[in-house]
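Novice: For reference, this is work.cif, and it has mmCIF, N, CA and C atoms.
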data_run
loop_
_atom_site.label_atom_id
_atom_site.label_comp_id
_atom_site.auth_asym_id
_atom_site.auth_seq_id
_atom_site.Cartn_x
_atom_site.Cartn_y
_atom_site.Cartn_z
N GLY A 169 -114.60 -65.67 -107.66
CA GLY A 169 -115.13 -65.42 -108.98
C GLY A 169 -115.32 -66.73 -109.72
N HIS A 170 -115.91 -66.67 -110.85
CA HIS A 170 -116.09 -67.86 -111.67
C HIS A 170 -115.06 -67.88 -112.80
N HIS A 171 -114.93 -66.78 -113.50
CA HIS A 171 -114.04 -66.69 -114.66
C HIS A 171 -112.62 -66.30 -114.23
N PRO A 172 -111.60 -67.01 -114.72
CA PRO A 172 -110.23 -66.67 -114.35
C PRO A 172 -109.75 -65.38 -115.01
N LEU A 173 -108.80 -64.74 -114.36
CA LEU A 173 -108.14 -63.55 -114.92
C LEU A 173 -107.02 -63.97 -115.87
N TRP A 174 -106.40 -65.08 -115.58
CA TRP A 174 -105.34 -65.67 -116.40
C TRP A 174 -105.62 -67.16 -116.50
N SER A 175 -105.37 -67.73 -117.66
CA SER A 175 -105.46 -69.19 -117.79
C SER A 175 -104.54 -69.64 -118.92
N SER A 176 -104.20 -70.89 -118.88
CA SER A 176 -103.25 -71.44 -119.85
C SER A 176 -103.89 -72.23 -120.97
N SER A 177 -105.22 -72.30 -120.98
CA SER A 177 -105.87 -73.07 -122.06
C SER A 177 -106.00 -72.24 -123.33
N GLY A 178 -106.13 -70.93 -123.18
CA GLY A 178 -106.21 -70.04 -124.35
C GLY A 178 -107.60 -69.84 -124.89
N GLY A 179 -108.54 -70.66 -124.49
CA GLY A 179 -109.88 -70.60 -125.05
C GLY A 179 -110.70 -69.40 -124.62
N LYS A 180 -110.39 -68.84 -123.47
CA LYS A 180 -111.15 -67.72 -122.92
C LYS A 180 -110.28 -66.48 -122.73
N PHE A 181 -109.28 -66.31 -123.59
CA PHE A 181 -108.32 -65.21 -123.41
C PHE A 181 -108.99 -63.84 -123.45
N GLU A 182 -109.83 -63.59 -124.44
CA GLU A 182 -110.47 -62.27 -124.57
C GLU A 182 -111.38 -61.98 -123.38
N GLN A 183 -112.08 -62.99 -122.94
CA GLN A 183 -112.94 -62.86 -121.77
C GLN A 183 -112.10 -62.49 -120.54
N ALA A 184 -110.97 -63.16 -120.35
CA ALA A 184 -110.09 -62.88 -119.22
C ALA A 184 -109.49 -61.48 -119.31
N ARG A 185 -109.10 -61.07 -120.50
CA ARG A 185 -108.52 -59.73 -120.67
C ARG A 185 -109.53 -58.65 -120.32
N ALA A 186 -110.77 -58.82 -120.75
CA ALA A 186 -111.82 -57.85 -120.42
C ALA A 186 -112.08 -57.83 -118.91
N LEU A 187 -112.08 -59.00 -118.28
CA LEU A 187 -112.31 -59.08 -116.85
C LEU A 187 -111.17 -58.42 -116.07
N ARG A 188 -109.93 -58.61 -116.52
CA ARG A 188 -108.78 -57.96 -115.85
C ARG A 188 -108.94 -56.45 -115.86
N LYS A 189 -109.37 -55.89 -116.97
CA LYS A 189 -109.55 -54.43 -117.04
C LYS A 189 -110.61 -53.95 -116.05
N LEU A 190 -111.65 -54.76 -115.87
CA LEU A 190 -112.75 -54.36 -115.00
C LEU A 190 -112.45 -54.51 -113.51
N ILE A 191 -111.85 -55.61 -113.10
CA ILE A 191 -111.75 -55.87 -111.66
C ILE A 191 -110.33 -55.96 -111.10
N LEU A 192 -109.32 -56.07 -111.95
CA LEU A 192 -107.96 -56.23 -111.43
C LEU A 192 -107.50 -55.03 -110.59
N PRO A 193 -107.81 -53.78 -110.95
CA PRO A 193 -107.38 -52.68 -110.07
C PRO A 193 -107.90 -52.81 -108.64
N SER A 194 -109.16 -53.17 -108.48
CA SER A 194 -109.71 -53.35 -107.12
C SER A 194 -109.10 -54.55 -106.43
N LEU A 195 -108.95 -55.65 -107.15
CA LEU A 195 -108.33 -56.84 -106.55
C LEU A 195 -106.91 -56.54 -106.09
N CYS A 196 -106.16 -55.82 -106.91
CA CYS A 196 -104.77 -55.50 -106.57
C CYS A 196 -104.68 -54.60 -105.34
N ARG A 197 -105.69 -53.78 -105.12
CA ARG A 197 -105.69 -52.90 -103.94
C ARG A 197 -106.17 -53.60 -102.68
N TYR A 198 -107.15 -54.49 -102.80
CA TYR A 198 -107.86 -54.95 -101.60
C TYR A 198 -107.88 -56.45 -101.37
N ALA A 199 -107.52 -57.26 -102.32
CA ALA A 199 -107.67 -58.72 -102.16
C ALA A 199 -106.35 -59.41 -101.86
N ASP A 200 -106.45 -60.53 -101.19
CA ASP A 200 -105.28 -61.38 -100.95
C ASP A 200 -105.12 -62.41 -102.06
N ALA A 201 -106.24 -62.82 -102.66
CA ALA A 201 -106.20 -63.85 -103.71
C ALA A 201 -107.50 -63.78 -104.50
N TYR A 202 -107.46 -64.36 -105.69
CA TYR A 202 -108.64 -64.49 -106.54
C TYR A 202 -108.77 -65.96 -106.90
N LEU A 203 -109.93 -66.55 -106.60
CA LEU A 203 -110.17 -67.96 -106.86
C LEU A 203 -111.20 -68.09 -107.97
N ALA A 204 -110.94 -68.97 -108.92
CA ALA A 204 -111.84 -69.14 -110.06
C ALA A 204 -111.88 -70.61 -110.48
N GLY A 205 -112.79 -70.92 -111.36
CA GLY A 205 -112.90 -72.26 -111.94
C GLY A 205 -113.01 -72.12 -113.44
N HIS A 206 -114.12 -72.48 -114.00
CA HIS A 206 -114.52 -72.26 -115.38
C HIS A 206 -113.66 -72.94 -116.44
N GLU A 207 -112.36 -72.97 -116.26
CA GLU A 207 -111.47 -73.51 -117.29
C GLU A 207 -111.29 -75.02 -117.22
N HIS A 208 -111.70 -75.68 -116.16
CA HIS A 208 -111.56 -77.13 -115.99
C HIS A 208 -110.10 -77.57 -116.03
N THR A 209 -109.24 -76.71 -115.48
CA THR A 209 -107.82 -76.99 -115.32
C THR A 209 -107.45 -76.73 -113.86
N LEU A 210 -106.21 -76.99 -113.50
CA LEU A 210 -105.67 -76.66 -112.18
C LEU A 210 -104.47 -75.75 -112.41
N GLU A 211 -104.59 -74.50 -111.96
CA GLU A 211 -103.54 -73.52 -112.25
C GLU A 211 -103.31 -72.61 -111.05
N VAL A 212 -102.06 -72.18 -110.88
CA VAL A 212 -101.69 -71.20 -109.87
C VAL A 212 -100.82 -70.16 -110.55
N HIS A 213 -101.27 -68.90 -110.48
CA HIS A 213 -100.56 -67.78 -111.11
C HIS A 213 -100.47 -66.63 -110.11
N THR A 214 -99.55 -65.72 -110.37
CA THR A 214 -99.56 -64.44 -109.67
C THR A 214 -99.47 -63.32 -110.70
N ASP A 215 -99.97 -62.16 -110.31
CA ASP A 215 -99.92 -60.95 -111.13
C ASP A 215 -99.29 -59.87 -110.25
N ASP A 216 -98.25 -59.22 -110.73
CA ASP A 216 -97.56 -58.22 -109.90
C ASP A 216 -98.31 -56.90 -109.82
N CYS A 217 -99.43 -56.78 -110.51
CA CYS A 217 -100.33 -55.62 -110.47
C CYS A 217 -99.76 -54.37 -111.13
N ALA A 218 -98.63 -54.48 -111.83
CA ALA A 218 -98.01 -53.31 -112.46
C ALA A 218 -98.94 -52.68 -113.50
N GLU A 219 -99.58 -53.49 -114.31
CA GLU A 219 -100.47 -52.94 -115.34
C GLU A 219 -101.72 -52.33 -114.72
N ALA A 220 -102.25 -52.95 -113.70
CA ALA A 220 -103.49 -52.47 -113.08
C ALA A 220 -103.29 -51.22 -112.23
N LEU A 221 -102.13 -51.10 -111.57
CA LEU A 221 -101.90 -49.99 -110.64
C LEU A 221 -100.83 -49.01 -111.09
N GLY A 222 -100.16 -49.29 -112.20
CA GLY A 222 -99.10 -48.41 -112.67
C GLY A 222 -97.73 -48.75 -112.12
N GLN A 223 -97.67 -49.59 -111.11
CA GLN A 223 -96.41 -50.08 -110.57
C GLN A 223 -96.66 -51.40 -109.87
N ALA A 224 -95.63 -52.21 -109.81
CA ALA A 224 -95.75 -53.53 -109.18
C ALA A 224 -95.90 -53.39 -107.67
N THR A 225 -96.66 -54.29 -107.08
CA THR A 225 -96.80 -54.33 -105.63
C THR A 225 -95.72 -55.24 -105.05
N ASP A 226 -95.41 -55.04 -103.77
CA ASP A 226 -94.40 -55.88 -103.11
C ASP A 226 -94.82 -57.34 -103.07
N VAL A 227 -96.10 -57.57 -102.85
CA VAL A 227 -96.63 -58.94 -102.80
C VAL A 227 -97.61 -59.09 -103.95
N PRO A 228 -97.33 -59.96 -104.91
CA PRO A 228 -98.22 -60.11 -106.07
C PRO A 228 -99.57 -60.71 -105.67
N LEU A 229 -100.55 -60.49 -106.52
CA LEU A 229 -101.89 -61.05 -106.33
C LEU A 229 -101.91 -62.49 -106.80
N LEU A 230 -102.32 -63.38 -105.93
CA LEU A 230 -102.44 -64.79 -106.24
C LEU A 230 -103.74 -65.05 -106.98
N GLN A 231 -103.68 -65.90 -108.00
CA GLN A 231 -104.89 -66.39 -108.65
C GLN A 231 -104.83 -67.91 -108.74
N VAL A 232 -105.88 -68.56 -108.27
CA VAL A 232 -105.97 -70.01 -108.32
C VAL A 232 -107.14 -70.38 -109.23
N VAL A 233 -106.88 -71.23 -110.20
CA VAL A 233 -107.94 -71.80 -111.06
C VAL A 233 -108.10 -73.25 -110.65
N SER A 234 -109.29 -73.58 -110.16
CA SER A 234 -109.55 -74.95 -109.72
C SER A 234 -110.88 -75.39 -110.33
N GLY A 235 -110.79 -75.98 -111.51
CA GLY A 235 -112.01 -76.36 -112.21
C GLY A 235 -111.98 -77.79 -112.73
N ALA A 236 -111.13 -78.62 -112.16
CA ALA A 236 -110.95 -79.97 -112.70
C ALA A 236 -111.75 -81.03 -111.95
N GLY A 237 -112.81 -80.62 -111.26
CA GLY A 237 -113.59 -81.57 -110.50
C GLY A 237 -114.71 -82.22 -111.28
N ALA A 238 -115.15 -81.59 -112.37
CA ALA A 238 -116.31 -82.11 -113.09
C ALA A 238 -116.06 -82.37 -114.57
N LYS A 239 -114.97 -81.83 -115.08
CA LYS A 239 -114.68 -81.95 -116.51
C LYS A 239 -113.19 -81.73 -116.70
N GLN A 240 -112.64 -82.32 -117.75
CA GLN A 240 -111.22 -82.12 -118.06
C GLN A 240 -111.07 -81.24 -119.29
N ARG A 241 -110.07 -80.35 -119.24
CA ARG A 241 -109.72 -79.53 -120.40
C ARG A 241 -108.20 -79.47 -120.45
N GLY A 242 -107.66 -79.43 -121.63
CA GLY A 242 -106.22 -79.38 -121.80
C GLY A 242 -105.64 -78.00 -121.61
N VAL A 243 -104.34 -77.96 -121.36
CA VAL A 243 -103.57 -76.72 -121.30
C VAL A 243 -102.87 -76.57 -122.64
N ASN A 244 -102.90 -75.38 -123.21
CA ASN A 244 -102.24 -75.08 -124.47
C ASN A 244 -100.85 -74.53 -124.16
N ARG A 245 -99.85 -75.38 -124.18
CA ARG A 245 -98.49 -75.00 -123.77
C ARG A 245 -97.91 -73.88 -124.63
N LEU A 246 -98.17 -73.89 -125.94
CA LEU A 246 -97.67 -72.82 -126.81
C LEU A 246 -98.32 -71.48 -126.45
N PHE A 247 -99.64 -71.50 -126.24
CA PHE A 247 -100.33 -70.27 -125.84
C PHE A 247 -99.81 -69.78 -124.49
N ALA A 248 -99.66 -70.69 -123.53
CA ALA A 248 -99.21 -70.31 -122.20
C ALA A 248 -97.82 -69.67 -122.25
N ALA A 249 -96.92 -70.23 -123.04
CA ALA A 249 -95.57 -69.67 -123.17
C ALA A 249 -95.61 -68.28 -123.81
N GLN A 250 -96.45 -68.11 -124.81
CA GLN A 250 -96.60 -66.81 -125.47
C GLN A 250 -97.18 -65.78 -124.49
N GLN A 251 -98.15 -66.19 -123.71
CA GLN A 251 -98.78 -65.30 -122.74
C GLN A 251 -97.76 -64.84 -121.70
N LEU A 252 -96.91 -65.74 -121.23
CA LEU A 252 -95.89 -65.38 -120.25
C LEU A 252 -94.87 -64.40 -120.83
N ARG A 253 -94.53 -64.55 -122.12
CA ARG A 253 -93.59 -63.62 -122.77
C ARG A 253 -94.22 -62.25 -122.96
N LYS A 254 -95.49 -62.21 -123.32
CA LYS A 254 -96.16 -60.95 -123.65
C LYS A 254 -96.57 -60.14 -122.42
N TYR A 255 -96.83 -60.82 -121.31
CA TYR A 255 -97.32 -60.15 -120.10
C TYR A 255 -96.35 -60.37 -118.95
N PRO A 256 -95.38 -59.48 -118.78
CA PRO A 256 -94.36 -59.68 -117.74
C PRO A 256 -94.91 -59.63 -116.32
N GLN A 257 -96.12 -59.10 -116.13
CA GLN A 257 -96.71 -59.06 -114.80
C GLN A 257 -97.20 -60.43 -114.33
N LEU A 258 -97.32 -61.36 -115.26
CA LEU A 258 -97.83 -62.70 -114.99
C LEU A 258 -96.69 -63.66 -114.66
N ARG A 259 -96.89 -64.44 -113.62
CA ARG A 259 -95.98 -65.53 -113.29
C ARG A 259 -96.83 -66.77 -113.06
N SER A 260 -96.46 -67.86 -113.68
CA SER A 260 -97.21 -69.10 -113.56
C SER A 260 -96.41 -70.12 -112.76
N MET A 261 -97.01 -70.60 -111.65
CA MET A 261 -96.34 -71.59 -110.83
C MET A 261 -96.66 -73.01 -111.31
N THR A 262 -97.89 -73.23 -111.75
CA THR A 262 -98.28 -74.54 -112.28
C THR A 262 -99.53 -74.38 -113.13
N ALA A 263 -99.63 -75.21 -114.14
CA ALA A 263 -100.82 -75.26 -115.01
C ALA A 263 -100.93 -76.69 -115.52
N THR A 264 -101.99 -77.37 -115.08
CA THR A 264 -102.18 -78.76 -115.42
C THR A 264 -103.57 -78.96 -116.00
N GLY A 265 -103.63 -79.68 -117.10
CA GLY A 265 -104.90 -79.99 -117.73
C GLY A 265 -105.06 -81.48 -117.94
N MET A 266 -106.25 -81.85 -118.38
CA MET A 266 -106.60 -83.24 -118.66
C MET A 266 -106.40 -84.14 -117.45
N VAL A 267 -106.77 -83.61 -116.28
CA VAL A 267 -106.72 -84.37 -115.03
C VAL A 267 -108.00 -84.10 -114.24
N TRP A 268 -108.27 -84.97 -113.28
CA TRP A 268 -109.27 -84.72 -112.27
C TRP A 268 -108.52 -84.18 -111.06
N GLY A 269 -109.13 -83.25 -110.34
CA GLY A 269 -108.45 -82.76 -109.15
C GLY A 269 -109.10 -81.52 -108.57
N PHE A 270 -108.39 -80.96 -107.59
CA PHE A 270 -108.87 -79.79 -106.88
C PHE A 270 -107.68 -79.10 -106.23
N THR A 271 -107.93 -77.92 -105.66
CA THR A 271 -106.91 -77.24 -104.87
C THR A 271 -107.36 -77.23 -103.42
N HIS A 272 -106.40 -77.31 -102.54
CA HIS A 272 -106.64 -77.27 -101.11
C HIS A 272 -105.91 -76.05 -100.57
N LEU A 273 -106.63 -75.14 -99.92
CA LEU A 273 -106.06 -73.91 -99.38
C LEU A 273 -106.04 -73.99 -97.85
N THR A 274 -104.92 -73.61 -97.26
CA THR A 274 -104.79 -73.56 -95.81
C THR A 274 -104.36 -72.16 -95.41
N LEU A 275 -105.12 -71.55 -94.51
CA LEU A 275 -104.76 -70.24 -93.96
C LEU A 275 -104.14 -70.45 -92.58
N ASP A 276 -102.96 -69.89 -92.38
CA ASP A 276 -102.28 -69.99 -91.10
C ASP A 276 -101.66 -68.64 -90.80
N MET A 277 -102.35 -67.88 -89.95
CA MET A 277 -101.93 -66.52 -89.62
C MET A 277 -101.82 -65.69 -90.91
N ASP A 278 -100.63 -65.24 -91.27
CA ASP A 278 -100.44 -64.41 -92.46
C ASP A 278 -99.93 -65.20 -93.65
N ARG A 279 -100.13 -66.50 -93.67
CA ARG A 279 -99.67 -67.37 -94.75
C ARG A 279 -100.83 -68.14 -95.36
N LEU A 280 -100.81 -68.23 -96.67
CA LEU A 280 -101.76 -69.05 -97.41
C LEU A 280 -100.95 -70.13 -98.13
N THR A 281 -101.30 -71.38 -97.90
CA THR A 281 -100.65 -72.48 -98.59
C THR A 281 -101.64 -73.05 -99.60
N VAL A 282 -101.17 -73.19 -100.85
CA VAL A 282 -101.98 -73.74 -101.93
C VAL A 282 -101.40 -75.10 -102.31
N ARG A 283 -102.25 -76.10 -102.25
CA ARG A 283 -101.87 -77.45 -102.67
C ARG A 283 -102.75 -77.86 -103.84
N VAL A 284 -102.13 -78.33 -104.90
CA VAL A 284 -102.87 -78.86 -106.05
C VAL A 284 -102.87 -80.38 -105.92
N ILE A 285 -104.06 -80.94 -105.90
CA ILE A 285 -104.23 -82.38 -105.72
C ILE A 285 -104.88 -82.94 -106.99
N THR A 286 -104.26 -83.96 -107.56
CA THR A 286 -104.85 -84.62 -108.73
C THR A 286 -105.08 -86.09 -108.42
N THR A 287 -105.86 -86.71 -109.26
CA THR A 287 -106.05 -88.15 -109.18
C THR A 287 -105.84 -88.72 -110.57
N PRO A 288 -105.11 -89.81 -110.69
CA PRO A 288 -104.80 -90.36 -112.01
C PRO A 288 -106.07 -90.73 -112.80
N ASN A 289 -105.95 -90.71 -114.10
CA ASN A 289 -107.07 -91.07 -114.98
C ASN A 289 -107.31 -92.58 -115.01
N ASP A 290 -106.57 -93.33 -114.20
CA ASP A 290 -106.75 -94.79 -114.20
C ASP A 290 -107.93 -95.25 -113.35
N GLY A 291 -108.63 -94.30 -112.71
CA GLY A 291 -109.80 -94.65 -111.92
C GLY A 291 -109.49 -95.13 -110.52
N SER A 292 -108.24 -95.09 -110.10
CA SER A 292 -107.85 -95.59 -108.78
C SER A 292 -108.31 -94.68 -107.65
N GLY A 293 -108.51 -93.40 -107.96
CA GLY A 293 -108.89 -92.45 -106.92
C GLY A 293 -107.76 -92.03 -106.01
N THR A 294 -106.55 -92.40 -106.34
CA THR A 294 -105.38 -92.05 -105.55
C THR A 294 -105.14 -90.55 -105.60
N ALA A 295 -105.01 -89.93 -104.43
CA ALA A 295 -104.73 -88.50 -104.37
C ALA A 295 -103.23 -88.27 -104.50
N VAL A 296 -102.84 -87.38 -105.41
CA VAL A 296 -101.43 -87.07 -105.66
C VAL A 296 -101.24 -85.56 -105.52
N GLU A 297 -100.41 -85.15 -104.59
CA GLU A 297 -100.10 -83.73 -104.43
C GLU A 297 -99.07 -83.36 -105.50
N THR A 298 -99.48 -82.53 -106.47
CA THR A 298 -98.61 -82.22 -107.60
C THR A 298 -97.95 -80.84 -107.50
N HIS A 299 -98.43 -80.00 -106.58
CA HIS A 299 -97.84 -78.66 -106.44
C HIS A 299 -98.17 -78.12 -105.05
N VAL A 300 -97.20 -77.44 -104.44
CA VAL A 300 -97.41 -76.73 -103.18
C VAL A 300 -96.70 -75.39 -103.28
N SER A 301 -97.37 -74.32 -102.91
CA SER A 301 -96.73 -73.01 -102.83
C SER A 301 -97.34 -72.22 -101.69
N LYS A 302 -96.57 -71.27 -101.15
CA LYS A 302 -96.99 -70.46 -100.01
C LYS A 302 -96.94 -68.99 -100.38
N TYR A 303 -97.90 -68.23 -99.83
CA TYR A 303 -98.04 -66.81 -100.16
C TYR A 303 -98.27 -66.00 -98.90
N ARG A 304 -97.71 -64.80 -98.89
CA ARG A 304 -97.87 -63.87 -97.78
C ARG A 304 -99.19 -63.13 -97.87
N HIS A 305 -99.69 -62.72 -96.72
CA HIS A 305 -100.86 -61.86 -96.62
C HIS A 305 -100.54 -60.54 -97.33
N ARG A 306 -101.49 -60.01 -98.12
CA ARG A 306 -101.19 -58.79 -98.86
C ARG A 306 -102.25 -57.71 -98.68
N SER A 307 -103.11 -57.81 -97.71
CA SER A 307 -104.20 -56.84 -97.54
C SER A 307 -103.73 -55.42 -97.29
N SER A 308 -102.50 -55.23 -96.84
CA SER A 308 -102.01 -53.89 -96.58
C SER A 308 -101.53 -53.20 -97.85
N VAL A 309 -101.59 -53.85 -98.99
CA VAL A 309 -101.16 -53.25 -100.25
C VAL A 309 -102.12 -52.12 -100.61
N GLN A 310 -101.60 -50.98 -100.94
CA GLN A 310 -102.44 -49.84 -101.36
C GLN A 310 -101.94 -49.23 -102.63
#
So, in terms of structure tokens, how does the structure I just supplied come out?
Specialist:
Amino acid sequence: GHHPLWSSSGGKFEQARALRKLILPSLCRYADAYLAGHEHTLEVHTDDCAEALGQATDVPLLQVVSGAGAKQRGVNRLFAAQQLRKYPQLRSMTATGMVWGFTHLTLDMDRLTVRVITTPNDGSGTAVETHVSKYRHRSSVQ
């Protein structure tokens, strides 16, 4: 997808909430992950699908926001903290703004590894791995 379901910048909250109502039930039933950009941040979140399906799934739905390749946008820490308190189905593993970078995904059998790679604003081009997390295959969720 292009638009994230969850983001920590706060600028597109209403858009994300409307999108969650439209597509989250199908994603929670049939998808292993949802990849988006649009926010110009680097974020990794999961949603336990409780709101979309009426109960939490054993394996939460992964959402990766990788939009820091062409533009930088900040993360609103106060908004992000409020969002996490208000929506217990949401878990945030990392949210980074005002950086250049990308995410690297590796599929290995029933495992997905997400690596967040940034490069300093000093122009050096040095790749820095700032986050790594692993997720189980969830296609059998119904």
Novice: At what distance in Å, to one decimal, does atom C of Gln223 of chain A lie from atom N of Arg188 of chain A?
Specialist: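 Computing it gives 16.5 Å between the two atoms.
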Novice: Select from chain A everything DSSP, run on the backbone, classes as alpha helix (DSSP H), then give the selection as an NGL selection string.
Specialist: :A and (181-198 or 218-221 or 245-254)
Novice: Can you pull out the residues contacting segment 246-262 of chain A? Cut-off 7 Å, using only C-alpha atoms, and skip same-chain residues under 2 positions away; I want them as a PDB file with N, CA and C atoms, in the coordinates of the input.
Specialist:
ATOM      1  N   SER A 176    -104.200 -70.890-118.880  1.00  0.00           N
ATOM      2  CA  SER A 176    -103.250 -71.440-119.850  1.00  0.00           C
ATOM      3  C   SER A 176    -103.890 -72.230-120.970  1.00  0.00           C
ATOM      4  N   GLY A 178    -106.130 -70.930-123.180  1.00  0.00           N
ATOM      5  CA  GLY A 178    -106.210 -70.040-124.350  1.00  0.00           C
ATOM      6  C   GLY A 178    -107.600 -69.840-124.890  1.00  0.00           C
ATOM      7  N   GLU A 211    -104.590 -74.500-111.960  1.00  0.00           N
ATOM      8  CA  GLU A 211    -103.540 -73.520-112.250  1.00  0.00           C
ATOM      9  C   GLU A 211    -103.310 -72.610-111.050  1.00  0.00           C
ATOM     10  N   VAL A 212    -102.060 -72.180-110.880  1.00  0.00           N
ATOM     11  CA  VAL A 212    -101.690 -71.200-109.870  1.00  0.00           C
ATOM     12  C   VAL A 212    -100.820 -70.160-110.550  1.00  0.00           C
ATOM     13  N   HIS A 213    -101.270 -68.900-110.480  1.00  0.00           N
ATOM     14  CA  HIS A 213    -100.560 -67.780-111.110  1.00  0.00           C
ATOM     15  C   HIS A 213    -100.470 -66.630-110.110  1.00  0.00           C
ATOM     16  N   THR A 214     -99.550 -65.720-110.370  1.00  0.00           N
ATOM     17  CA  THR A 214     -99.560 -64.440-109.670  1.00  0.00           C
ATOM     18  C   THR A 214     -99.470 -63.320-110.700  1.00  0.00           C
ATOM     19  N   ASP A 215     -99.970 -62.160-110.310  1.00  0.00           N
ATOM     20  CA  ASP A 215     -99.920 -60.950-111.130  1.00  0.00           C
ATOM     21  C   ASP A 215     -99.290 -59.870-110.250  1.00  0.00           C
ATOM     22  N   ASP A 216     -98.250 -59.220-110.730  1.00  0.00           N
ATOM     23  CA  ASP A 216     -97.560 -58.220-109.900  1.00  0.00           C
ATOM     24  C   ASP A 216     -98.310 -56.900-109.820  1.00  0.00           C
ATOM     25  N   CYS A 217     -99.430 -56.780-110.510  1.00  0.00           N
ATOM     26  CA  CYS A 217    -100.330 -55.620-110.470  1.00  0.00           C
ATOM     27  C   CYS A 217     -99.760 -54.370-111.130  1.00  0.00           C
ATOM     28  N   ALA A 218     -98.630 -54.480-111.830  1.00  0.00           N
ATOM     29  CA  ALA A 218     -98.010 -53.310-112.460  1.00  0.00           C
ATOM     30  C   ALA A 218     -98.940 -52.680-113.500  1.00  0.00           C
ATOM     31  N   ASN A 244    -102.900 -75.380-123.210  1.00  0.00           N
ATOM     32  CA  ASN A 244    -102.240 -75.080-124.470  1.00  0.00           C
ATOM     33  C   ASN A 244    -100.850 -74.530-124.160  1.00  0.00           C
ATOM     34  N   THR A 264    -101.990 -77.370-115.080  1.00  0.00           N
ATOM     35  CA  THR A 264    -102.180 -78.760-115.420  1.00  0.00           C
ATOM     36  C   THR A 264    -103.570 -78.960-116.000  1.00  0.00           C
TER      37      THR A 264
END
Novice: Return the single residue from A:Gly242, A:Gly269, A:Pro193, A:Pro228 that is closest to Ser177 of chain A, with distances computed using only N, CA and C atoms.
Specialist: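 Comparing A:Gly242, A:Gly269, A:Pro193, A:Pro228 against Ser177 of chain A, the winner is A:Gly242.
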Novice: Find the distance between atom N of Arg185 of chain A and atom CA of Ser234 of chain A and write it in Å to one decimal.
Specialist: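 Atom N of Arg185 of chain A sits 17.6 Å away from atom CA of Ser234 of chain A.
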Novice: Could you please determine the separation between atom N of Lys239 of chain A and atom C of Thr281 of chain A in Å, to one decimal place?
Specialist: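 Interatomic distance, atom N of Lys239 of chain A to atom C of Thr281 of chain A: 22.2 Å.
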Novice: DSSP on the backbone, then: every residue of segment 203-293 of chain A marked strand (DSSP E or B), written as an MDAnalysis selection string.
Specialist: chainID A and resid 203:204 210:215 229:234 258:264 268:276 279:287
Novice: Find the residues around Ser301 of chain A up to 8 Å (only C-alpha atoms counted), leave out those fewer than 2 positions away in its own chain, and share them as number ranges by chain.
Specialist: A: 281-283, 299, 303
Novice: Using all atoms of segment 281-299 of chain A that appear in the file, construct an axis-aligned enclosing box with 3 Å of padding on every side and provide its centre coordinates and edge lengths in Å, rounded to one decimal, as lines of an AutoDock Vina configuration file.
Specialist:
center_x = -103.8
center_y = -83.5
center_z = -106.5
size_x = 18.0
size_y = 30.2
size_z = 23.1
Novice: Could you tell me which residues the PyMOL selection byres ((chain A and resi 206) around 6.5) grabs in this file, written as a ChimeraX atom specification?
Specialist: /A:170-172,204-205,207-209,234-235
Novice: Please, which residues are within 7 Å of (-110.6, -88.7, -112.9) by the file's coordinates, counting all atoms listed in the file, and could they come as a list in words?
Specialist: Val267, Trp268, Gly269, Thr287, Pro288, Asn289, Asp290 and Gly291 of chain A
Novice: With only C-alpha atoms as the atoms that count, which of A:Arg245, A:Thr225, A:Asp276, A:Arg306 lies nearest to Tyr198 of chain A?
Specialist: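 Result for the nearest residue to Tyr198 of chain A: A:Arg306.
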